[in-house]
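Trainee: The structure follows.
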Amino acid sequence: MFLELRIFFANILQAFLNLIYNQKCLVCSCSKTDDLLCKTCSKDIHYLSSFAHRIFDNIPFYSATLYEGSIKKLIHKLKFNHRKKAAIPLAKVLFKYFQSIKEKKDYIIIYPPSYFLKSAQRGYNHMFLIAKEFSKLTNFKVNHKLIKKIKYTKPQYKAKNRHKNIQNSFKINEKELKNINNETILLIDDITTSGATLEEIIRLLKEKNINNIICLTIAKT
Ligand SMILES: [Zn+2]
């Protein structure tokens, strides 16, 4: 009886707090949650197996989930609806998956940067936010400056055009190379489709003799 009463009051308190803070699920907007995702939307995230789904030039590519359901909506909210908070559950998904594949190494997190005008237009770089949250969870440092985007690339949905589209659009920031020692590069991204963006960055890193790299994306199409 006592326990039931406690649960009853805990529920009332939670409902009250939700009312004050207006905590709503980022995906379905329901109020039945004290977190950024409600239980139903969290359950909709299905993790992939902890094996590399492809290898490119000896570099393994891992993806936590498929680009569908809650994940698709979260990425969309972050990129197009200015819901910066969506970076938090997305980083958590990346972290949860990463724990299943992790080998004990020192890592430095990097991510494909946006073209500066693109970030200016959105007001933020969504991958910057995800990398920052992921860094808090892993305690790995992020290097925000190692890769620069020097050319605007239109989003391309046809896989065969992607590689051509992305060529020469990134550059290594030479000054930052001294900050990479024996760490393995953990190259993260939100979605991978053809892998062209990540492959281009790998190519540039290898040109600078950086060969210890793993790629990790939240979702793959
Ligand atoms: Zn929900």
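Ligands are numbered from 1 in the order shown, residues from 1 within each chain, and chains are lettered A, B, ... in the order they appear in the structure tokens.
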Using only C-alpha atoms and all ligand atoms, which residues of the polymer chains come no farther than 6 Å from ligand 1? I'd like the answer as a PyMOL selection string.
Mentor: chain A and resi 25+27-28+30+37-38+40-41
Trainee: Give one line per residue of stretch 87-119 of chain A that approaches stretch 183-202 of chain A to at most 9 Å, naming the two atoms of the closest pair and their distance in Å to one decimal, counting only C-alpha atoms; sort by chain then ascending residue number and deliver it as JSON lines.
Mentor:
```
{"residue": "A:Leu90", "atom": "CA", "partner": "A:Asp190", "partner_atom": "CA", "distance": 8.5}
{"residue": "A:Leu94", "atom": "CA", "partner": "A:Ile188", "partner_atom": "CA", "distance": 8.9}
{"residue": "A:Lys105", "atom": "CA", "partner": "A:Thr184", "partner_atom": "CA", "distance": 7.0}
{"residue": "A:Asp106", "atom": "CA", "partner": "A:Glu183", "partner_atom": "CA", "distance": 4.9}
{"residue": "A:Tyr107", "atom": "CA", "partner": "A:Thr184", "partner_atom": "CA", "distance": 4.7}
{"residue": "A:Ile108", "atom": "CA", "partner": "A:Ile185", "partner_atom": "CA", "distance": 5.1}
{"residue": "A:Ile109", "atom": "CA", "partner": "A:Leu186", "partner_atom": "CA", "distance": 4.8}
{"residue": "A:Ile110", "atom": "CA", "partner": "A:Leu187", "partner_atom": "CA", "distance": 5.0}
{"residue": "A:Tyr111", "atom": "CA", "partner": "A:Ile188", "partner_atom": "CA", "distance": 5.1}
{"residue": "A:Pro112", "atom": "CA", "partner": "A:Asp189", "partner_atom": "CA", "distance": 6.8}
```
Trainee: Grab the residues selected above and save them as a PDB file, in the first residue's frame with all heavy atoms.
Mentor:
```pdb
ATOM      1  N   LEU A  90      20.493  11.647 -30.086  1.00  0.00           N
ATOM      2  CA  LEU A  90      21.241  11.071 -31.220  1.00  0.00           C
ATOM      3  C   LEU A  90      22.653  10.671 -30.782  1.00  0.00           C
ATOM      4  O   LEU A  90      23.147   9.605 -31.158  1.00  0.00           O
ATOM      5  CB  LEU A  90      21.287  12.059 -32.389  1.00  0.00           C
ATOM      6  CG  LEU A  90      19.964  12.226 -33.147  1.00  0.00           C
ATOM      7  CD1 LEU A  90      20.029  13.400 -34.122  1.00  0.00           C
ATOM      8  CD2 LEU A  90      19.582  10.948 -33.897  1.00  0.00           C
ATOM      9  N   LEU A  94      24.463   6.856 -30.650  1.00  0.00           N
ATOM     10  CA  LEU A  94      25.814   6.601 -31.151  1.00  0.00           C
ATOM     11  C   LEU A  94      26.664   5.959 -30.047  1.00  0.00           C
ATOM     12  O   LEU A  94      27.398   4.994 -30.282  1.00  0.00           O
ATOM     13  CB  LEU A  94      26.424   7.950 -31.572  1.00  0.00           C
ATOM     14  CG  LEU A  94      27.421   7.988 -32.706  1.00  0.00           C
ATOM     15  CD1 LEU A  94      26.908   7.242 -33.918  1.00  0.00           C
ATOM     16  CD2 LEU A  94      27.744   9.425 -33.074  1.00  0.00           C
ATOM     17  N   LYS A 105      41.086   1.924 -27.071  1.00  0.00           N
ATOM     18  CA  LYS A 105      42.064   2.751 -27.779  1.00  0.00           C
ATOM     19  C   LYS A 105      41.861   4.190 -27.363  1.00  0.00           C
ATOM     20  O   LYS A 105      40.842   4.515 -26.762  1.00  0.00           O
ATOM     21  CB  LYS A 105      41.806   2.673 -29.297  1.00  0.00           C
ATOM     22  CG  LYS A 105      42.303   1.426 -29.966  1.00  0.00           C
ATOM     23  CD  LYS A 105      41.971   1.477 -31.440  1.00  0.00           C
ATOM     24  CE  LYS A 105      42.270   0.144 -32.100  1.00  0.00           C
ATOM     25  NZ  LYS A 105      41.697   0.068 -33.440  1.00  0.00           N
ATOM     26  N   ASP A 106      42.812   5.030 -27.730  1.00  0.00           N
ATOM     27  CA  ASP A 106      42.600   6.465 -27.563  1.00  0.00           C
ATOM     28  C   ASP A 106      42.029   7.003 -28.865  1.00  0.00           C
ATOM     29  O   ASP A 106      42.582   6.747 -29.929  1.00  0.00           O
ATOM     30  CB  ASP A 106      43.939   7.168 -27.292  1.00  0.00           C
ATOM     31  CG  ASP A 106      44.353   6.988 -25.857  1.00  0.00           C
ATOM     32  OD1 ASP A 106      43.463   6.812 -25.006  1.00  0.00           O
ATOM     33  OD2 ASP A 106      45.572   7.023 -25.595  1.00  0.00           O
ATOM     34  N   TYR A 107      40.950   7.713 -28.742  1.00  0.00           N
ATOM     35  CA  TYR A 107      40.301   8.220 -29.948  1.00  0.00           C
ATOM     36  C   TYR A 107      40.247   9.748 -29.953  1.00  0.00           C
ATOM     37  O   TYR A 107      40.184  10.381 -28.896  1.00  0.00           O
ATOM     38  CB  TYR A 107      38.854   7.725 -30.025  1.00  0.00           C
ATOM     39  CG  TYR A 107      38.706   6.249 -30.286  1.00  0.00           C
ATOM     40  CD1 TYR A 107      38.498   5.357 -29.239  1.00  0.00           C
ATOM     41  CD2 TYR A 107      38.754   5.745 -31.585  1.00  0.00           C
ATOM     42  CE1 TYR A 107      38.332   3.998 -29.471  1.00  0.00           C
ATOM     43  CE2 TYR A 107      38.599   4.386 -31.826  1.00  0.00           C
ATOM     44  CZ  TYR A 107      38.391   3.517 -30.763  1.00  0.00           C
ATOM     45  OH  TYR A 107      38.237   2.181 -31.004  1.00  0.00           O
ATOM     46  N   ILE A 108      40.230  10.277 -31.146  1.00  0.00           N
ATOM     47  CA  ILE A 108      39.885  11.690 -31.337  1.00  0.00           C
ATOM     48  C   ILE A 108      38.692  11.715 -32.284  1.00  0.00           C
ATOM     49  O   ILE A 108      38.703  11.058 -33.333  1.00  0.00           O
ATOM     50  CB  ILE A 108      41.062  12.487 -31.940  1.00  0.00           C
ATOM     51  CG1 ILE A 108      42.082  12.771 -30.834  1.00  0.00           C
ATOM     52  CG2 ILE A 108      40.577  13.793 -32.564  1.00  0.00           C
ATOM     53  CD1 ILE A 108      43.107  13.826 -31.176  1.00  0.00           C
ATOM     54  N   ILE A 109      37.674  12.436 -31.884  1.00  0.00           N
ATOM     55  CA  ILE A 109      36.456  12.492 -32.701  1.00  0.00           C
ATOM     56  C   ILE A 109      36.595  13.593 -33.752  1.00  0.00           C
ATOM     57  O   ILE A 109      36.998  14.715 -33.436  1.00  0.00           O
ATOM     58  CB  ILE A 109      35.230  12.813 -31.812  1.00  0.00           C
ATOM     59  CG1 ILE A 109      35.063  11.770 -30.700  1.00  0.00           C
ATOM     60  CG2 ILE A 109      33.956  12.938 -32.649  1.00  0.00           C
ATOM     61  CD1 ILE A 109      34.124  12.215 -29.573  1.00  0.00           C
ATOM     62  N   ILE A 110      36.261  13.253 -34.977  1.00  0.00           N
ATOM     63  CA  ILE A 110      36.122  14.294 -36.008  1.00  0.00           C
ATOM     64  C   ILE A 110      34.825  14.017 -36.772  1.00  0.00           C
ATOM     65  O   ILE A 110      34.233  12.943 -36.632  1.00  0.00           O
ATOM     66  CB  ILE A 110      37.329  14.376 -36.990  1.00  0.00           C
ATOM     67  CG1 ILE A 110      37.444  13.114 -37.843  1.00  0.00           C
ATOM     68  CG2 ILE A 110      38.627  14.645 -36.246  1.00  0.00           C
ATOM     69  CD1 ILE A 110      38.383  13.297 -39.039  1.00  0.00           C
ATOM     70  N   TYR A 111      34.396  14.975 -37.577  1.00  0.00           N
ATOM     71  CA  TYR A 111      33.151  14.825 -38.323  1.00  0.00           C
ATOM     72  C   TYR A 111      33.241  15.662 -39.594  1.00  0.00           C
ATOM     73  O   TYR A 111      34.035  16.619 -39.640  1.00  0.00           O
ATOM     74  CB  TYR A 111      31.956  15.266 -37.461  1.00  0.00           C
ATOM     75  CG  TYR A 111      32.100  16.664 -36.900  1.00  0.00           C
ATOM     76  CD1 TYR A 111      31.629  17.774 -37.603  1.00  0.00           C
ATOM     77  CD2 TYR A 111      32.760  16.889 -35.693  1.00  0.00           C
ATOM     78  CE1 TYR A 111      31.800  19.052 -37.104  1.00  0.00           C
ATOM     79  CE2 TYR A 111      32.929  18.160 -35.184  1.00  0.00           C
ATOM     80  CZ  TYR A 111      32.445  19.242 -35.894  1.00  0.00           C
ATOM     81  OH  TYR A 111      32.633  20.517 -35.401  1.00  0.00           O
ATOM     82  N   PRO A 112      32.463  15.352 -40.610  1.00  0.00           N
ATOM     83  CA  PRO A 112      32.518  16.174 -41.821  1.00  0.00           C
ATOM     84  C   PRO A 112      31.942  17.546 -41.522  1.00  0.00           C
ATOM     85  O   PRO A 112      30.808  17.653 -41.065  1.00  0.00           O
ATOM     86  CB  PRO A 112      31.605  15.427 -42.811  1.00  0.00           C
ATOM     87  CG  PRO A 112      31.425  14.072 -42.235  1.00  0.00           C
ATOM     88  CD  PRO A 112      31.550  14.224 -40.752  1.00  0.00           C
TER      89      PRO A 112
END
```
Trainee: Excluding A:Pro60 and any residue of its chain fewer than 6 positions from it, enumerate the residues within 9 Å of it, using only C-alpha atoms, and give them as a ChimeraX atom specification.
Mentor: /A:51-54,213-216
Trainee: Given the choices A:Lys171, A:Lys72, A:Lys132, A:Lys43, which gets closest to A:Lys220 if the distance is worked out from only C-alpha atoms?
Mentor: A:Lys72
Trainee: Identify all residues of chain A in alpha helix (DSSP H) (DSSP on the backbone) and supply them as a PyMOL selection string.
Mentor: chain A and resi 2-21+39-43+69-80+87-101+116-122+126-138+159-166+196-207
Trainee: Excluding A:Thr153 and any residue of its chain fewer than 5 positions from it, enumerate the residues within 9 Å of it, using only C-alpha atoms, and give them as a list in words.
Mentor: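 Once the nearby chain positions are removed, what remains is Tyr115, Asn165, Ile166 and Ser169 of chain A.
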Trainee: Write out, as a compact mmCIF listing (two decimals), in the first residue's frame, the residues just selected, with N, CA, C and O atoms.
Mentor:
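Below you can see result01.txt, which holds the result:
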```txt
# COMPACT_ATOMS: atom_id res chain seq x y z
N TYR A 115 29.84 23.51 -44.93
CA TYR A 115 30.36 24.72 -45.56
C TYR A 115 29.89 25.88 -44.70
O TYR A 115 28.76 25.88 -44.21
N ASN A 165 30.63 14.64 -56.92
CA ASN A 165 30.14 15.84 -56.27
C ASN A 165 31.03 16.28 -55.10
O ASN A 165 31.24 17.45 -54.86
N ILE A 166 31.55 15.29 -54.40
CA ILE A 166 32.23 15.57 -53.14
C ILE A 166 33.73 15.84 -53.33
O ILE A 166 34.39 16.39 -52.47
N SER A 169 36.11 18.94 -52.08
CA SER A 169 35.28 19.85 -51.28
C SER A 169 35.76 19.95 -49.83
O SER A 169 35.29 20.78 -49.08
```
Trainee: Nearest residue to A:Leu48 out of A:Ile218, A:Leu137, A:Leu177, A:Ile172, using only C-alpha atoms?
Mentor: A:Ile218
Trainee: Counting only C-alpha atoms, what is within 12 Å of A:Lys118, bar same-chain residues fewer than 3 positions away, as a list in words?
Mentor: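 Non-adjacent residues within range: Lys79, Phe80, Pro113, Ser114, Tyr115, Gln121, Arg122, Gly123, Tyr124, Asn125, His126, Lys149, Ile150, Lys151, Tyr152, Thr153, Lys154 and Pro155 of chain A.
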Trainee: Keeping only N, CA, C and O atoms, take the residues you just selected and write them out as an mmCIF file, in the first residue's frame.
Mentor:
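Below you can see again.cif, which holds the result:
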```cif
data_model
loop_
_atom_site.group_PDB
_atom_site.id
_atom_site.type_symbol
_atom_site.label_atom_id
_atom_site.label_comp_id
_atom_site.auth_asym_id
_atom_site.auth_seq_id
_atom_site.Cartn_x
_atom_site.Cartn_y
_atom_site.Cartn_z
ATOM 1 N N LYS A 79 18.204 18.849 -38.151
ATOM 2 C CA LYS A 79 18.760 19.512 -39.340
ATOM 3 C C LYS A 79 17.837 20.574 -39.932
ATOM 4 O O LYS A 79 18.297 21.570 -40.455
ATOM 5 N N PHE A 80 16.555 20.322 -39.837
ATOM 6 C CA PHE A 80 15.649 21.221 -40.566
ATOM 7 C C PHE A 80 14.648 21.967 -39.698
ATOM 8 O O PHE A 80 14.015 22.906 -40.149
ATOM 9 N N PRO A 113 32.732 18.595 -41.708
ATOM 10 C CA PRO A 113 32.219 19.932 -41.416
ATOM 11 C C PRO A 113 31.240 20.395 -42.483
ATOM 12 O O PRO A 113 31.229 19.873 -43.603
ATOM 13 N N SER A 114 30.440 21.369 -42.127
ATOM 14 C CA SER A 114 29.556 21.977 -43.126
ATOM 15 C C SER A 114 30.301 23.145 -43.768
ATOM 16 O O SER A 114 31.225 23.700 -43.178
ATOM 17 N N TYR A 115 29.844 23.509 -44.928
ATOM 18 C CA TYR A 115 30.360 24.721 -45.556
ATOM 19 C C TYR A 115 29.894 25.884 -44.697
ATOM 20 O O TYR A 115 28.759 25.885 -44.214
ATOM 21 N N GLN A 121 23.552 29.730 -42.385
ATOM 22 C CA GLN A 121 22.147 29.727 -42.776
ATOM 23 C C GLN A 121 21.293 29.002 -41.714
ATOM 24 O O GLN A 121 20.225 29.459 -41.343
ATOM 25 N N ARG A 122 21.811 27.886 -41.208
ATOM 26 C CA ARG A 122 21.072 27.106 -40.221
ATOM 27 C C ARG A 122 21.239 27.698 -38.813
ATOM 28 O O ARG A 122 20.416 27.506 -37.944
ATOM 29 N N GLY A 123 22.336 28.422 -38.623
ATOM 30 C CA GLY A 123 22.612 28.997 -37.307
ATOM 31 C C GLY A 123 23.515 28.092 -36.490
ATOM 32 O O GLY A 123 24.017 28.482 -35.456
ATOM 33 N N TYR A 124 23.730 26.887 -36.944
ATOM 34 C CA TYR A 124 24.619 25.958 -36.246
ATOM 35 C C TYR A 124 24.955 24.818 -37.195
ATOM 36 O O TYR A 124 24.253 24.598 -38.172
ATOM 37 N N ASN A 125 26.029 24.104 -36.830
ATOM 38 C CA ASN A 125 26.368 22.898 -37.576
ATOM 39 C C ASN A 125 25.862 21.717 -36.745
ATOM 40 O O ASN A 125 26.310 21.512 -35.619
ATOM 41 N N HIS A 126 24.935 20.971 -37.283
ATOM 42 C CA HIS A 126 24.306 19.906 -36.490
ATOM 43 C C HIS A 126 25.313 18.841 -36.044
ATOM 44 O O HIS A 126 25.196 18.279 -34.963
ATOM 45 N N LYS A 149 35.727 22.398 -44.785
ATOM 46 C CA LYS A 149 34.959 22.268 -46.026
ATOM 47 C C LYS A 149 35.224 23.520 -46.841
ATOM 48 O O LYS A 149 35.030 24.632 -46.362
ATOM 49 N N ILE A 150 35.665 23.323 -48.064
ATOM 50 C CA ILE A 150 36.077 24.494 -48.845
ATOM 51 C C ILE A 150 35.165 24.743 -50.033
ATOM 52 O O ILE A 150 35.349 25.688 -50.774
ATOM 53 N N LYS A 151 34.197 23.861 -50.221
ATOM 54 C CA LYS A 151 33.309 24.044 -51.371
ATOM 55 C C LYS A 151 31.905 23.644 -50.964
ATOM 56 O O LYS A 151 31.718 22.652 -50.252
ATOM 57 N N TYR A 152 30.947 24.417 -51.405
ATOM 58 C CA TYR A 152 29.567 24.038 -51.119
ATOM 59 C C TYR A 152 29.175 22.882 -52.035
ATOM 60 O O TYR A 152 29.436 22.914 -53.231
ATOM 61 N N THR A 153 28.586 21.842 -51.462
ATOM 62 C CA THR A 153 28.108 20.746 -52.303
ATOM 63 C C THR A 153 26.607 20.590 -52.107
ATOM 64 O O THR A 153 26.125 20.558 -50.976
ATOM 65 N N LYS A 154 25.910 20.553 -53.211
ATOM 66 C CA LYS A 154 24.457 20.342 -53.142
ATOM 67 C C LYS A 154 24.189 18.924 -52.670
ATOM 68 O O LYS A 154 24.920 18.010 -53.029
ATOM 69 N N PRO A 155 23.137 18.741 -51.878
ATOM 70 C CA PRO A 155 22.795 17.361 -51.512
ATOM 71 C C PRO A 155 22.466 16.577 -52.782
ATOM 72 O O PRO A 155 21.749 17.066 -53.634
#
```
